[in-house]
Amino acid sequence: MWRAVLIALTMLIAVPAHAASFDCKGVPSPDELIVCNDPLLSALDTQLPRVQEKAEQEKRAETRQVLRDFTSDRSSCGSNRSCVLSTYIAVLGELGGAKSIPADITASTIAGGRAKPSPTLPAKIGQCSVTNVTEVHPRVGQDPIKDEDYDAGTGIEYANEGYQVSYAREEALIASKPGDKVTMCLIAIPKRCPQGDDRGREYFVTNARTGQSWAMADSQHACGGP
């Protein structure tokens with residue numbers, strides 16, 4: 001009996017709850033509690049301060065605002081893991097670029113394997129749906145499309161009327177083809193937007209055929225821009 005008790009205590013000591021940005025031993029809020037008890041979320045939370053430090057060296061005020069928005073969004077998620085995970089992916093990508101998002105995270109990771117086909121776009125942070133690619137094209141340019149046209153940016157369109165665009169050449173998008181099945185998750189909704197201007201929503205998408213993922217906004221300009 002005592003041996004069993006000792007083994008149980010050892011296991012509890014070996015896998016403590018942890019996070020870098022708050023104290024899991026205190027009275028965590030619902031969103032903090034899920035981070036404390038989830039290995040992936042805890043790892044992302046541990047990574048965030050390193051990305052934050054580097055971003056603050058270049059744009060301190062902007063970085064602080066991004067972090068305040070992130071904390072607000074995560075708090076609004078409550079105990080919804082898909083939502084909390086989305087907020088971490090969004091803030092890491094915004095502060096550190098695509099390279100800051102772990103390569104093994106996919107849209108299915110966010111959806112927990114529960115995404116279903118839908119004719120409409122996800123409407124809430126952490127919400128995911130399955131749709132198909134309808135078109136991939138350069139951000140600017142006319143037919144016939146030349147490969148170098150993608151150097152000025154890449155756009156992609158979906159059957160659910162979704163759209164994503166980048167000012168960069170995006171090889172993952174270029175590798176996608178009309179008809180490819182993708183899982184799409186909403187990971188960020190911009191704040192402080194003029195009434196009726198909903199541009200700048202960011203989606204994390206994984207192509208089922210290629211296995212490639214990308215995070216990208218639905219507009220060339222954020223809300224309130226030209």
# chains A, B, ... in the order shown; residues from 1 in each chain; ligands from 1

$ residues_around --residues "range 166-181 of chain A" --least-positions-apart "6" --cutoff "7 Å" --atoms "only C-alpha atoms" --output "PyMOL selection string"
chain A and resi 131-136+150-156+207-209+212+216+220

$ closest_atom_pairs --of "range 88-185 of chain A" --to "range 36-59 of chain A" --cutoff "9 Å" --atoms "only C-alpha atoms" --output "CSV"
residue,atom,partner,partner_atom,distance
A:Tyr88,CA,A:Leu44,CA,6.8
A:Ile89,CA,A:Leu44,CA,8.3
A:Val91,CA,A:Leu48,CA,8.3
A:Leu92,CA,A:Leu48,CA,6.6
A:Leu95,CA,A:Ala55,CA,5.9
A:Gly96,CA,A:Val51,CA,5.8
A:Ser100,CA,A:Val51,CA,7.6
A:Ile101,CA,A:Leu44,CA,8.8
A:Pro102,CA,A:Leu44,CA,8.7

$ closest_residue --among "A:Thr109, A:Thr120, A:Gln195, A:Thr71" --to "Ser213 in chain A" --atoms "only C-alpha atoms"
A:Thr109

$ residues_around --residues "Pro194 in chain A" --least-positions-apart "4" --cutoff "10 Å" --atoms "only C-alpha atoms" --output "JSON, numbers by chain"
{"A": [198, 199, 223, 224, 225]}

$ select_by_dssp --residues "range 130-195 of chain A" --states "strand (DSSP E or B)" --output "PyMOL selection string"
chain A and resi 130-138+154-158+163-166+181-188

$ closest_residue --among "A:Ser29, A:Thr206, A:Gln127, A:Gln65" --to "Pro190 in chain A" --atoms "only C-alpha atoms"
A:Gln65

$ residues_around --residues "Ala111 in chain A" --least-positions-apart "6" --cutoff "10 Å" --atoms "only C-alpha atoms" --output "short mmCIF file (atom, residue, chain, number, x, y, z; two decimals) with N, CA and C atoms, in the first residue's frame"
data_model
loop_
_atom_site.label_atom_id
_atom_site.label_comp_id
_atom_site.auth_asym_id
_atom_site.auth_seq_id
_atom_site.Cartn_x
_atom_site.Cartn_y
_atom_site.Cartn_z
N ARG A 81 -10.33 25.34 -24.97
CA ARG A 81 -8.94 25.08 -25.36
C ARG A 81 -8.66 25.54 -26.78
N SER A 82 -9.57 25.30 -27.72
CA SER A 82 -9.35 25.69 -29.11
C SER A 82 -9.15 27.20 -29.21
N CYS A 83 -9.92 27.93 -28.44
CA CYS A 83 -9.82 29.38 -28.44
C CYS A 83 -8.50 29.82 -27.82
N LEU A 85 -5.70 28.16 -27.52
CA LEU A 85 -4.61 27.79 -28.42
C LEU A 85 -4.52 28.76 -29.58
N SER A 86 -5.65 29.17 -30.11
CA SER A 86 -5.67 30.12 -31.24
C SER A 86 -5.02 31.44 -30.85
N GLY A 126 -11.04 30.43 -32.43
CA GLY A 126 -10.97 29.02 -32.05
C GLY A 126 -11.97 28.16 -32.80
N GLN A 127 -12.88 28.77 -33.53
CA GLN A 127 -13.85 28.00 -34.32
C GLN A 127 -13.21 27.58 -35.64
N CYS A 128 -13.45 26.35 -36.05
CA CYS A 128 -12.82 25.79 -37.26
C CYS A 128 -13.87 25.13 -38.14
N SER A 129 -13.59 25.09 -39.43
CA SER A 129 -14.47 24.40 -40.36
C SER A 129 -13.65 23.86 -41.53
N THR A 183 -8.65 22.63 -43.63
CA THR A 183 -9.30 22.99 -42.37
C THR A 183 -8.88 24.42 -42.04
N MET A 184 -9.86 25.26 -41.76
CA MET A 184 -9.63 26.69 -41.54
C MET A 184 -10.13 27.07 -40.14
N CYS A 185 -9.26 27.74 -39.37
CA CYS A 185 -9.62 28.18 -38.02
C CYS A 185 -9.41 29.68 -37.89
#
